[in-house]
$ cat my_file25.txt   # compact mmCIF, C-alpha atoms
# COMPACT_ATOMS: atom_id res chain seq x y z
CA MET A 20 -12.19 -17.27 -4.93
CA TYR A 21 -10.97 -20.86 -5.12
CA ASN A 22 -10.09 -22.42 -1.81
CA PHE A 23 -6.50 -23.16 -0.80
CA ASN A 24 -4.48 -24.46 2.13
CA TYR A 25 -3.26 -21.74 4.48
CA HIS A 26 -0.06 -21.72 6.51
CA GLN A 27 1.27 -19.11 8.89
CA ALA A 28 5.08 -19.28 8.87
CA LYS A 29 6.97 -18.63 12.12
CA ASN A 30 10.22 -17.71 10.41
CA VAL A 31 11.77 -17.33 6.97
CA ASP A 32 13.28 -20.83 6.88
CA GLU A 33 9.93 -22.38 7.66
CA ALA A 34 8.24 -20.25 5.01
CA ALA A 35 10.77 -21.32 2.38
CA LYS A 36 10.23 -24.98 3.27
CA LEU A 37 6.44 -24.65 3.31
CA VAL A 38 6.23 -22.90 -0.04
CA SER A 39 8.48 -25.33 -1.87
CA GLY A 40 7.01 -28.52 -0.42
CA VAL A 41 3.56 -28.11 -1.96
CA GLU A 42 1.96 -28.36 -5.39
CA GLU A 43 1.71 -24.66 -6.09
CA GLY A 44 2.78 -22.52 -3.18
CA LYS A 45 2.41 -18.76 -2.99
CA LEU A 46 3.92 -16.42 -0.43
CA MET A 47 1.65 -13.74 0.99
CA ALA A 48 2.98 -10.50 2.48
CA GLY A 49 0.29 -7.85 3.10
CA GLY A 50 -2.04 -9.47 0.59
CA MET A 51 -3.03 -6.16 -0.99
CA THR A 52 -2.42 -7.54 -4.48
CA LEU A 53 -2.61 -11.28 -3.90
CA ILE A 54 -6.08 -11.31 -2.35
CA PRO A 55 -7.67 -9.23 -5.18
CA THR A 56 -5.90 -11.56 -7.65
CA LEU A 57 -7.38 -14.61 -5.93
CA LYS A 58 -10.82 -13.01 -5.86
CA GLN A 59 -10.68 -12.51 -9.60
CA ARG A 60 -9.55 -16.11 -10.01
CA LEU A 61 -6.44 -14.93 -11.82
CA ALA A 62 -4.37 -17.20 -9.58
CA LYS A 63 -5.11 -20.62 -8.14
CA PRO A 64 -2.39 -21.53 -5.66
CA SER A 65 -2.77 -24.83 -3.81
CA ASP A 66 -1.20 -23.31 -0.70
CA ILE A 67 -0.68 -19.83 0.71
CA VAL A 68 2.18 -19.21 3.10
CA ASP A 69 1.49 -16.08 5.15
CA LEU A 70 4.58 -14.10 6.19
CA GLY A 71 2.53 -11.73 8.37
CA LYS A 72 3.62 -13.09 11.75
CA ILE A 73 7.37 -13.12 11.13
CA ALA A 74 8.52 -10.30 13.40
CA ASP A 75 12.13 -10.39 12.14
CA LEU A 76 11.01 -9.14 8.74
CA LYS A 77 9.63 -5.88 10.13
CA GLY A 78 11.52 -2.75 10.98
CA ILE A 79 13.68 0.10 9.72
CA LYS A 80 17.26 0.84 10.69
CA LYS A 81 20.15 3.02 9.65
CA ASP A 82 23.23 0.98 8.91
CA GLY A 83 26.19 3.20 8.05
CA ASN A 84 25.24 5.05 4.89
CA ASN A 85 22.24 2.81 4.22
CA ILE A 86 18.63 2.66 5.29
CA VAL A 87 17.65 -0.98 5.68
CA ILE A 88 13.94 -1.72 5.56
CA GLY A 89 12.59 -5.15 6.53
CA ALA A 90 10.53 -6.82 3.82
CA MET A 91 7.33 -6.92 5.87
CA THR A 92 7.50 -3.25 6.85
CA ARG A 93 4.24 -1.58 5.92
CA HIS A 94 4.00 1.47 3.68
CA PHE A 95 2.54 3.41 6.62
CA ASP A 96 5.64 2.70 8.71
CA VAL A 97 8.05 3.76 5.95
CA ALA A 98 6.04 6.94 5.31
CA ASN A 99 6.03 7.89 8.99
CA SER A 100 9.52 6.72 9.98
CA ASP A 101 11.69 9.52 11.36
CA VAL A 102 14.76 7.62 10.12
CA VAL A 103 13.48 7.47 6.54
CA LYS A 104 12.04 10.99 6.62
CA SER A 105 15.36 12.50 7.62
CA ALA A 106 17.66 10.32 5.47
CA ILE A 107 15.60 9.75 2.30
CA PRO A 108 12.53 12.00 2.42
CA GLY A 109 11.75 11.13 -1.20
CA LEU A 110 11.27 7.50 -0.22
CA ALA A 111 9.03 8.37 2.73
CA GLY A 112 6.99 10.56 0.39
CA LEU A 113 6.64 7.74 -2.12
CA ALA A 114 5.46 5.31 0.56
CA GLY A 115 2.94 7.86 1.84
CA HIS A 116 1.21 8.04 -1.53
CA ILE A 117 0.85 4.34 -2.33
CA GLY A 118 -2.80 3.35 -2.66
CA ASP A 119 -4.79 4.84 0.21
CA PRO A 120 -4.37 4.86 4.01
CA ALA A 121 -6.07 1.49 4.60
CA VAL A 122 -3.92 -0.11 1.89
CA ARG A 123 -0.77 1.47 3.34
CA ASN A 124 -1.70 -0.07 6.71
CA ARG A 125 -1.39 -3.55 5.21
CA GLY A 126 0.80 -3.40 2.10
CA THR A 127 4.53 -4.05 2.47
CA ILE A 128 7.71 -3.10 0.64
CA GLY A 129 8.76 -6.72 0.14
CA GLY A 130 5.39 -7.68 -1.27
CA SER A 131 5.37 -4.75 -3.66
CA ILE A 132 8.85 -5.47 -4.97
CA ALA A 133 8.40 -9.24 -5.24
CA ASN A 134 5.15 -8.76 -7.14
CA ASN A 135 6.77 -6.22 -9.50
CA ASP A 136 3.54 -4.75 -10.81
CA PRO A 137 4.40 -2.51 -13.77
CA ALA A 138 2.48 0.34 -12.09
CA ALA A 139 3.80 -0.15 -8.55
CA ASP A 140 5.62 2.81 -6.98
CA TYR A 141 8.46 1.13 -5.08
CA PRO A 142 10.39 -0.36 -8.03
CA SER A 143 11.22 3.15 -9.29
CA ALA A 144 12.85 4.03 -5.96
CA VAL A 145 14.68 0.72 -5.71
CA VAL A 146 16.21 1.29 -9.15
CA ALA A 147 16.88 5.03 -8.81
CA LEU A 148 18.44 4.71 -5.36
CA ASN A 149 20.49 1.71 -6.52
CA ALA A 150 19.18 -0.39 -3.63
CA THR A 151 20.20 -3.93 -2.81
CA ILE A 152 17.53 -6.57 -2.36
CA ILE A 153 18.49 -8.96 0.42
CA THR A 154 16.94 -12.43 0.33
CA ASN A 155 17.26 -15.61 2.37
CA LYS A 156 19.84 -16.75 -0.19
CA ARG A 157 21.82 -13.77 -1.52
CA LYS A 158 21.99 -10.07 -2.28
CA ILE A 159 20.63 -8.82 -5.59
CA ALA A 160 21.46 -5.42 -7.14
CA ALA A 161 18.44 -3.36 -8.18
CA ASP A 162 19.54 -3.34 -11.82
CA ASP A 163 19.49 -7.16 -11.86
CA PHE A 164 16.25 -7.65 -9.95
CA PHE A 165 13.34 -6.48 -12.08
CA LYS A 166 13.21 -8.75 -15.12
CA GLY A 167 9.92 -8.11 -16.88
CA LEU A 168 6.16 -7.88 -16.43
CA PHE A 169 5.53 -9.25 -12.89
CA GLU A 170 8.86 -11.06 -13.24
CA THR A 171 11.86 -10.76 -10.92
CA ALA A 172 15.18 -12.50 -10.34
CA LEU A 173 13.68 -14.32 -7.34
CA GLU A 174 13.73 -18.11 -7.39
CA PRO A 175 10.56 -19.99 -6.38
CA ASN A 176 11.48 -20.45 -2.71
CA GLU A 177 13.58 -17.33 -2.38
CA ILE A 178 12.20 -14.77 0.07
CA ILE A 179 13.07 -11.09 0.32
CA THR A 180 14.11 -10.31 3.88
CA ALA A 181 15.08 -6.64 3.51
CA VAL A 182 15.87 -3.85 1.08
CA SER A 183 18.95 -1.70 1.66
CA PHE A 184 18.87 1.84 0.26
CA PRO A 185 22.09 3.87 0.05
CA ILE A 186 21.34 7.38 1.32
CA PRO A 187 21.48 9.82 -1.60
CA GLU A 188 22.38 13.48 -1.52
CA LYS A 189 18.84 14.22 -2.64
CA SER A 190 15.96 12.43 -4.26
CA HIS A 191 12.30 12.84 -5.09
CA TYR A 192 9.38 10.90 -6.56
CA MET A 193 6.57 12.29 -8.68
CA LYS A 194 3.68 10.26 -9.97
CA PHE A 195 0.64 10.80 -12.08
CA PRO A 196 -1.77 8.46 -10.31
CA ASN A 197 -4.77 6.71 -11.73
CA PRO A 198 -7.56 8.56 -9.88
CA ALA A 199 -9.39 5.36 -8.86
CA SER A 200 -6.66 2.86 -8.04
CA ARG A 201 -3.86 5.35 -7.19
CA TYR A 202 -1.46 3.14 -9.14
CA ALA A 203 1.09 5.11 -11.15
CA ILE A 204 0.11 5.81 -14.74
CA VAL A 205 3.65 7.14 -14.77
CA GLY A 206 5.94 7.59 -11.78
CA VAL A 207 9.50 8.90 -11.88
CA TYR A 208 12.04 8.69 -9.05
CA VAL A 209 15.13 10.86 -9.43
CA ALA A 210 18.13 10.39 -7.12
CA LYS A 211 21.38 12.36 -7.05
CA THR A 212 24.60 11.52 -5.23
CA GLY A 213 27.58 13.63 -6.27
CA ASN A 214 27.73 13.52 -10.06
CA ASN A 215 25.81 10.28 -10.18
CA VAL A 216 22.15 10.69 -11.12
CA ARG A 217 19.70 7.84 -11.57
CA VAL A 218 16.18 8.12 -12.97
CA GLY A 219 13.77 5.22 -12.36
CA VAL A 220 10.54 5.15 -14.35
CA THR A 221 7.53 3.05 -13.34
CA GLY A 222 4.04 2.72 -14.81
CA ALA A 223 5.15 3.64 -18.31
CA GLY A 224 6.48 0.31 -19.56
CA PRO A 225 5.98 -3.39 -18.82
CA VAL A 226 8.67 -3.12 -16.16
CA VAL A 227 10.52 -0.34 -14.34
CA PHE A 228 13.42 1.13 -16.35
CA ARG A 229 16.16 3.75 -16.10
CA GLN A 230 15.96 6.81 -18.33
CA LYS A 231 19.66 7.01 -19.12
CA ASP A 232 19.51 10.02 -21.48
CA MET A 233 18.02 12.03 -18.64
CA GLU A 234 20.56 10.63 -16.18
CA ALA A 235 23.44 11.82 -18.39
CA ALA A 236 21.92 15.28 -18.87
CA LEU A 237 21.15 15.67 -15.17
CA ALA A 238 24.67 14.61 -14.22
CA LYS A 239 25.92 17.65 -16.15
CA SER A 240 23.24 20.05 -14.96
CA PHE A 241 20.79 19.03 -12.26
CA THR A 242 17.92 21.26 -13.36
CA PRO A 243 14.49 20.60 -14.92
CA GLU A 244 15.58 22.62 -17.97
CA ALA A 245 18.43 20.19 -18.64
CA ILE A 246 15.97 17.45 -19.60
CA LYS A 247 13.22 19.58 -21.10
CA ASP A 248 13.96 18.46 -24.66
CA ILE A 249 14.71 14.82 -23.94
CA LYS A 250 11.88 12.85 -25.45
CA GLN A 251 10.96 9.44 -24.10
CA ALA A 252 10.37 7.04 -27.02
CA ASP A 253 6.86 5.60 -26.89
CA ASN A 254 7.54 2.29 -28.59
CA GLY A 255 7.16 -0.57 -26.13
CA LEU A 256 5.35 1.55 -23.55
CA ASN A 257 2.02 0.51 -22.05
CA SER A 258 -1.16 1.55 -23.80
CA ASP A 259 -4.55 0.96 -22.18
CA ILE A 260 -7.86 2.64 -21.38
CA HIS A 261 -6.11 4.89 -18.86
CA ALA A 262 -3.41 6.32 -21.12
CA SER A 263 -1.91 5.74 -24.56
CA ALA A 264 1.78 4.95 -25.00
CA GLU A 265 2.28 8.39 -26.52
CA TYR A 266 0.68 10.08 -23.50
CA ARG A 267 2.74 7.99 -21.08
CA ALA A 268 5.92 8.94 -22.96
CA HIS A 269 4.97 12.60 -22.58
CA LEU A 270 4.28 12.12 -18.86
CA VAL A 271 7.73 10.60 -18.29
CA ASN A 272 9.32 13.92 -19.19
CA VAL A 273 6.82 15.97 -17.17
CA MET A 274 7.13 13.79 -14.06
CA ALA A 275 10.93 13.67 -14.36
CA ARG A 276 11.16 17.47 -14.48
CA ARG A 277 8.84 17.80 -11.48
CA ALA A 278 10.87 15.18 -9.59
CA VAL A 279 14.08 17.14 -10.23
CA GLN A 280 12.30 20.29 -9.08
CA GLY A 281 11.10 18.42 -6.00
CA CYS A 282 14.65 17.47 -5.05
CA GLY A 283 15.06 21.13 -4.06
CA MET B 705 -11.97 -26.41 8.29
CA PRO B 706 -9.78 -24.19 10.50
CA THR B 707 -11.13 -22.54 13.60
CA VAL B 708 -10.43 -18.87 14.18
CA THR B 709 -10.95 -16.74 17.26
CA ILE B 710 -11.26 -13.05 16.60
CA THR B 711 -12.22 -10.51 19.24
CA VAL B 712 -14.92 -8.44 17.61
CA ASN B 713 -16.10 -5.30 19.39
CA GLY B 714 -14.59 -6.60 22.60
CA LYS B 715 -16.14 -10.07 22.45
CA PRO B 716 -14.10 -13.15 21.45
CA GLU B 717 -15.85 -14.97 18.61
CA THR B 718 -14.78 -18.48 17.63
CA ARG B 719 -16.01 -19.97 14.37
CA GLU B 720 -15.07 -22.57 11.82
CA VAL B 721 -14.27 -20.89 8.50
CA GLU B 722 -12.89 -21.86 5.13
CA ASN B 723 -9.37 -20.67 4.42
CA ARG B 724 -10.76 -18.45 1.68
CA THR B 725 -13.27 -16.73 3.98
CA LEU B 726 -12.74 -13.00 3.84
CA LEU B 727 -12.83 -10.99 7.04
CA VAL B 728 -15.86 -9.08 5.76
CA GLN B 729 -17.69 -12.36 5.13
CA PHE B 730 -16.79 -13.51 8.62
CA LEU B 731 -18.24 -10.32 10.07
CA ARG B 732 -21.38 -10.21 7.95
CA GLU B 733 -22.23 -13.87 7.39
CA ASN B 734 -20.81 -15.67 10.41
CA LEU B 735 -21.50 -12.97 13.00
CA GLY B 736 -24.41 -11.14 11.36
CA LEU B 737 -22.67 -7.78 11.72
CA THR B 738 -23.94 -6.26 8.49
CA GLY B 739 -22.89 -2.70 9.28
CA THR B 740 -19.61 -3.35 7.47
CA HIS B 741 -20.51 -3.07 3.79
CA VAL B 742 -19.17 -4.62 0.60
CA GLY B 743 -19.16 -1.96 -2.09
CA CYS B 744 -16.68 -2.53 -4.87
CA ASP B 745 -15.14 -5.76 -3.51
CA THR B 746 -11.86 -4.66 -5.14
CA SER B 747 -10.30 -2.70 -2.23
CA GLN B 748 -11.00 0.69 -3.75
CA CYS B 749 -14.25 2.01 -2.26
CA GLY B 750 -13.62 1.65 1.47
CA ALA B 751 -17.18 0.71 2.50
CA CYS B 752 -15.69 -2.33 4.28
CA VAL B 753 -13.13 -0.47 6.41
CA VAL B 754 -12.81 -1.80 9.95
CA ASN B 755 -10.23 -1.31 12.66
CA ILE B 756 -7.80 -4.17 13.29
CA ASP B 757 -5.51 -4.04 16.34
CA GLY B 758 -5.66 -0.25 16.25
CA TYR B 759 -5.37 0.59 12.54
CA SER B 760 -7.85 0.79 9.67
CA ALA B 761 -7.95 -1.86 6.97
CA LYS B 762 -10.19 -3.02 4.16
CA SER B 763 -11.94 -6.15 5.39
CA CYS B 764 -12.81 -7.27 1.85
CA THR B 765 -9.09 -7.68 1.19
CA MET B 766 -8.15 -9.73 4.22
CA LEU B 767 -8.66 -13.34 5.11
CA ALA B 768 -10.33 -14.22 8.40
CA THR B 769 -7.40 -16.56 9.08
CA GLN B 770 -4.95 -13.67 8.78
CA VAL B 771 -6.57 -11.92 11.74
CA ASN B 772 -6.90 -15.00 13.91
CA GLY B 773 -6.12 -13.78 17.43
CA SER B 774 -6.57 -10.11 16.57
CA SER B 775 -9.05 -7.52 17.80
CA VAL B 776 -11.45 -6.03 15.30
CA THR B 777 -13.72 -3.04 15.82
CA THR B 778 -16.62 -2.52 13.43
CA ILE B 779 -19.15 0.30 13.15
CA GLU B 780 -21.39 -1.65 15.55
CA GLY B 781 -18.73 -1.41 18.24
CA LEU B 782 -18.49 2.37 18.38
CA ALA B 783 -21.61 3.53 20.22
CA LYS B 784 -21.95 3.00 23.95
CA GLY B 785 -25.57 1.99 24.29
CA ASP B 786 -27.61 4.96 23.05
CA GLN B 787 -24.62 7.24 23.12
CA LEU B 788 -23.09 7.62 19.69
CA HIS B 789 -19.33 7.79 19.19
CA PRO B 790 -18.27 11.46 18.74
CA MET B 791 -17.50 10.75 15.07
CA GLN B 792 -20.96 9.26 14.50
CA GLU B 793 -22.48 12.26 16.27
CA ALA B 794 -20.45 14.62 14.09
CA PHE B 795 -21.66 12.89 10.92
CA ARG B 796 -25.24 13.23 12.14
CA GLU B 797 -24.86 16.88 13.14
CA ASN B 798 -23.23 17.86 9.86
CA HIS B 799 -25.43 15.78 7.59
CA GLY B 800 -22.38 13.79 6.58
CA LEU B 801 -24.40 11.14 4.78
CA GLN B 802 -27.12 10.74 2.21
CA CYS B 803 -27.82 7.11 1.30
CA GLY B 804 -25.53 5.88 4.07
CA PHE B 805 -23.86 3.07 2.17
CA CYS B 806 -20.32 4.42 2.45
CA THR B 807 -20.89 5.80 5.95
CA PRO B 808 -19.59 2.91 8.08
CA GLY B 809 -16.31 2.90 6.16
CA MET B 810 -16.10 6.68 6.21
CA VAL B 811 -16.59 6.78 9.99
CA MET B 812 -14.08 3.99 10.65
CA SER B 813 -11.54 5.63 8.37
CA ALA B 814 -12.12 9.07 9.90
CA ILE B 815 -11.54 7.72 13.41
CA ASP B 816 -8.21 6.30 12.21
CA LEU B 817 -7.26 9.67 10.75
CA LEU B 818 -7.73 11.37 14.12
CA ARG B 819 -5.64 8.65 15.77
CA VAL B 820 -2.75 9.38 13.40
CA ASN B 821 -3.34 13.11 13.07
CA PRO B 822 -5.60 14.61 15.77
CA LYS B 823 -5.73 18.05 14.14
CA PRO B 824 -5.97 17.52 10.38
CA ASN B 825 -6.54 20.41 8.02
CA GLU B 826 -9.08 20.18 5.21
CA ARG B 827 -6.53 19.01 2.65
CA GLN B 828 -5.30 16.27 4.97
CA ILE B 829 -8.86 15.09 5.58
CA ARG B 830 -9.57 14.96 1.84
CA GLU B 831 -6.32 13.12 1.14
CA TRP B 832 -7.03 10.60 3.87
CA LEU B 833 -10.41 9.84 2.28
CA GLU B 834 -8.78 8.81 -1.00
CA GLY B 835 -9.68 5.21 -0.25
CA ASN B 836 -13.31 5.92 0.67
CA ILE B 837 -15.70 6.58 -2.17
CA CYS B 838 -19.12 8.23 -1.77
CA ARG B 839 -21.53 7.93 -4.69
CA CYS B 840 -23.88 10.62 -3.39
CA THR B 841 -21.03 13.14 -3.83
CA GLY B 842 -21.43 14.01 -0.21
CA TYR B 843 -17.76 14.59 0.50
CA HIS B 844 -18.19 18.19 1.55
CA ASN B 845 -20.29 17.43 4.60
CA ILE B 846 -18.21 14.36 5.41
CA VAL B 847 -15.12 16.56 5.53
CA LYS B 848 -17.01 19.09 7.65
CA ALA B 849 -18.10 16.34 10.04
CA ILE B 850 -14.56 15.06 10.51
CA ALA B 851 -13.22 18.57 11.06
CA ALA B 852 -15.98 19.24 13.61
CA CYS B 853 -15.19 16.01 15.44
CA ALA B 854 -11.50 16.86 15.53
CA GLU B 855 -12.29 20.29 16.89
CA GLY B 856 -14.65 18.86 19.51
CA GLN B 857 -12.03 16.38 20.67
CA ALA B 858 -9.38 19.07 20.85
CA LYS B 859 -11.64 21.08 23.19
CA ALA B 860 -12.62 18.08 25.31
$ encode --input "my_file25.txt" --output "structure tokens"
Amino acid sequence: MYNFNYHQAKNVDEAAKLVSGVEEGKLMAGGMTLIPTLKQRLAKPSDIVDLGKIADLKGIKKDGNNIVIGAMTRHFDVANSDVVKSAIPGLAGLAGHIGDPAVRNRGTIGGSIANNDPAADYPSAVVALNATIITNKRKIAADDFFKGLFETALEPNEIITAVSFPIPEKSHYMKFPNPASRYAIVGVYVAKTGNNVRVGVTGAGPVVFRQKDMEAALAKSFTPEAIKDIKQADNGLNSDIHASAEYRAHLVNVMARRAVQGCG
Amino acid sequence: MPTVTITVNGKPETREVENRTLLVQFLRENLGLTGTHVGCDTSQCGACVVNIDGYSAKSCTMLATQVNGSSVTTIEGLAKGDQLHPMQEAFRENHGLQCGFCTPGMVMSAIDLLRVNPKPNERQIREWLEGNICRCTGYHNIVKAIAACAEGQAKA
């Protein structure tokens, strides 16, 4: 690992100032991706600004028909939150299967979303639940947030402060995890509110996407059978040693059906 | 170089470290506490699991500076003199180890499981150990050891 300057920010304003006032600043949330990236020398920031001590960024609350989760809330806390478990059990279930227990004790929702790993779990829920990403500058709709491979709508000194999830009627997440890393080879989050159904797919492509053919079919009939014959095109999907694009395309349908089933 | 103070196994330890010093390096190289192992060095195997302010974490994926001011418990901090921690005793009783490389992480992780879930069933134990890899394929006795420890604590 190359060396770097290290700063512990006291609040979001200070963090934004620190990260923009240096040669190549990088924000660190739980560090569960950033530190491995540094160890592999895939990144060489001049300065790291640690958000770990900013208490305001942690916590979960119900605000009207929304569950608002602070950016530095750990996966463990989302998975075990009574508020999340009762309002959006699918989201608690997703958080409880990210990585492994020790990773869930450090990794955060804000870090996961800002990093936008193509195989991360959270982006599928953010998209399917039509969440709003709240930053120190503005509010960003889920559909406008995830731009491409590890790319988001965030500006260099823009910091996620919270994510607001509208409470759905029902929702569920199913993933086919890589057995070693537990990252999603394919993960599908299905959310239903009235006649509105959204299907977020992670792991399959370079960035999370909505499966709109399935959404339309599920809006008419919310059953696994309704999407049985909807084939996911494999062009543009990820292909690597873990799974071919064709296999991932097949898994999208299987995981989507199981997610619908899981909605109960 | 920055100075960090980390309470390790109850004793405050102050050292100068580089910003890039990992917690596991701090423990092993600065303090000589080599019970915490580096296996994969990619946060997958769990040989480096320690307890930080009450929860388990992978010390190969944390900076020493991040835990400045925190309390860390390592495998060396579990026994009281000659008296093993109940989890260590359970691993010994149930032959929960072969080569022993993964054992410190397994024990630290298992203790955290019982903190979160004092009466886990077998499936919950196996799921919890997703982040701890044993190359001797000794999971069966590890699971038995954790179940026995949980049972012993429930009786106590």
$ closest_residue --input "my_file25.txt" --among "B:Leu726, B:Met812, B:Leu801, B:Ala768" --to "Gly835 (chain B)" --atoms "all atoms listed in the file"
B:Met812
$ closest_residue --input "my_file25.txt" --among "B:Val721, B:Ala761, B:Val753, B:Cys853" --to "Gly809 (chain B)" --atoms "all atoms listed in the file"
B:Val753
$ residues_around --input "my_file25.txt" --residues "region 100-116 of chain A" --least-positions-apart "3" --cutoff "6 Å" --atoms "all atoms listed in the file" --output "PyMOL selection string"
chain A and resi 94+96-97+190-192
$ write_last_selection --input "my_file25.txt" --atoms "C-alpha atoms" --output "CSV table (one decimal), in the frame of the given file"
chain,number,residue,atom,x,y,z
A,94,HIS,CA,4.0,1.5,3.7
A,96,ASP,CA,5.6,2.7,8.7
A,97,VAL,CA,8.0,3.8,6.0
A,190,SER,CA,16.0,12.4,-4.3
A,191,HIS,CA,12.3,12.8,-5.1
A,192,TYR,CA,9.4,10.9,-6.6
$ interface_residues --input "my_file25.txt" --of "chain A" --to "chain B" --cutoff "8 Å" --atoms "all atoms listed in the file" --output "PyMOL selection string"
chain A and resi 20-25+50-51+54-55+69+71+118-122+124-125+199-200
$ atom_distance --input "my_file25.txt" --atom1 "CA of Gly224 (chain A)" --atom2 "CA of Phe184 (chain A)"
23.4 Å
$ closest_residue --input "my_file25.txt" --among "B:Arg719, B:His741, B:Lys823, B:Arg839" --to "Gln857 (chain B)" --atoms "only C-alpha atoms"
B:Lys823
$ residues_around --input "my_file25.txt" --residues "Leu53 (chain A)" --least-positions-apart "3" --cutoff "10 Å" --atoms "all atoms listed in the file" --output "CSV table (one decimal) with C-alpha atoms, in the frame of the given file"
chain,number,residue,atom,x,y,z
A,45,LYS,CA,2.4,-18.8,-3.0
A,46,LEU,CA,3.9,-16.4,-0.4
A,47,MET,CA,1.6,-13.7,1.0
A,48,ALA,CA,3.0,-10.5,2.5
A,49,GLY,CA,0.3,-7.8,3.1
A,50,GLY,CA,-2.0,-9.5,0.6
A,56,THR,CA,-5.9,-11.6,-7.6
A,57,LEU,CA,-7.4,-14.6,-5.9
A,58,LYS,CA,-10.8,-13.0,-5.9
A,59,GLN,CA,-10.7,-12.5,-9.6
A,61,LEU,CA,-6.4,-14.9,-11.8
A,62,ALA,CA,-4.4,-17.2,-9.6
A,67,ILE,CA,-0.7,-19.8,0.7
A,130,GLY,CA,5.4,-7.7,-1.3
A,134,ASN,CA,5.2,-8.8,-7.1
B,765,THR,CA,-9.1,-7.7,1.2
B,766,MET,CA,-8.2,-9.7,4.2
$ closest_residue --input "my_file25.txt" --among "B:Val776, B:Glu826, B:Met791, B:Ala751" --to "Cys838 (chain B)" --atoms "only C-alpha atoms"
B:Ala751
$ axis_aligned_box --input "my_file25.txt" --around "region 162-174 of chain A" --padding-each-side "4 Å" --output "AutoDock Vina command-line options"
--center_x 12.5 --center_y -10.7 --center_z -12.1 --size_x 22.0 --size_y 22.8 --size_z 17.5
$ atom_distance --input "my_file25.txt" --atom1 "CA of Ser131 (chain A)" --atom2 "CA of Ala150 (chain A)"
14.5 Å
$ residues_around --input "my_file25.txt" --residues "Gly800 (chain B)" --least-positions-apart "5" --cutoff "7 Å" --atoms "only C-alpha atoms" --output "mmCIF file with C-alpha atoms, in the coordinates of the input"
data_model
loop_
_atom_site.group_PDB
_atom_site.id
_atom_site.type_symbol
_atom_site.label_atom_id
_atom_site.label_comp_id
_atom_site.auth_asym_id
_atom_site.auth_seq_id
_atom_site.Cartn_x
_atom_site.Cartn_y
_atom_site.Cartn_z
ATOM 1 C CA PHE B 795 -21.660 12.890 10.920
ATOM 2 C CA GLY B 842 -21.430 14.010 -0.210
ATOM 3 C CA ASN B 845 -20.290 17.430 4.600
ATOM 4 C CA ILE B 846 -18.210 14.360 5.410
ATOM 5 C CA ALA B 849 -18.100 16.340 10.040
#
$ closest_residue --input "my_file25.txt" --among "A:Asp163, A:Asp75, A:Glu234, A:Asp248" --to "Ala28 (chain A)" --atoms "all atoms listed in the file"
A:Asp75
$ decode --input "my_file25.txt" --residues "region 775-795 of chain B" --atoms "C-alpha atoms" --output "tab-separated table (two decimals), in the first residue's frame"
chain	number	residue	atom	x	y	z
B	775	SER	CA	-10.46	-0.83	22.62
B	776	VAL	CA	-9.28	-3.95	20.85
B	777	THR	CA	-9.39	-7.50	22.15
B	778	THR	CA	-7.24	-10.13	20.47
B	779	ILE	CA	-6.98	-13.88	21.04
B	780	GLU	CA	-4.23	-13.17	23.60
B	781	GLY	CA	-6.69	-11.20	25.70
B	782	LEU	CA	-9.23	-13.98	26.24
B	783	ALA	CA	-7.66	-16.32	28.79
B	784	LYS	CA	-7.39	-15.30	32.43
B	785	GLY	CA	-3.96	-16.57	33.36
B	786	ASP	CA	-4.09	-20.36	32.91
B	787	GLN	CA	-7.85	-20.35	32.65
B	788	LEU	CA	-8.98	-20.49	29.05
B	789	HIS	CA	-11.98	-18.51	27.83
B	790	PRO	CA	-15.03	-20.83	27.61
B	791	MET	CA	-14.88	-20.63	23.81
B	792	GLN	CA	-11.21	-21.63	23.77
B	793	GLU	CA	-12.02	-24.47	26.15
B	794	ALA	CA	-14.88	-25.59	23.89
B	795	PHE	CA	-12.58	-25.63	20.85
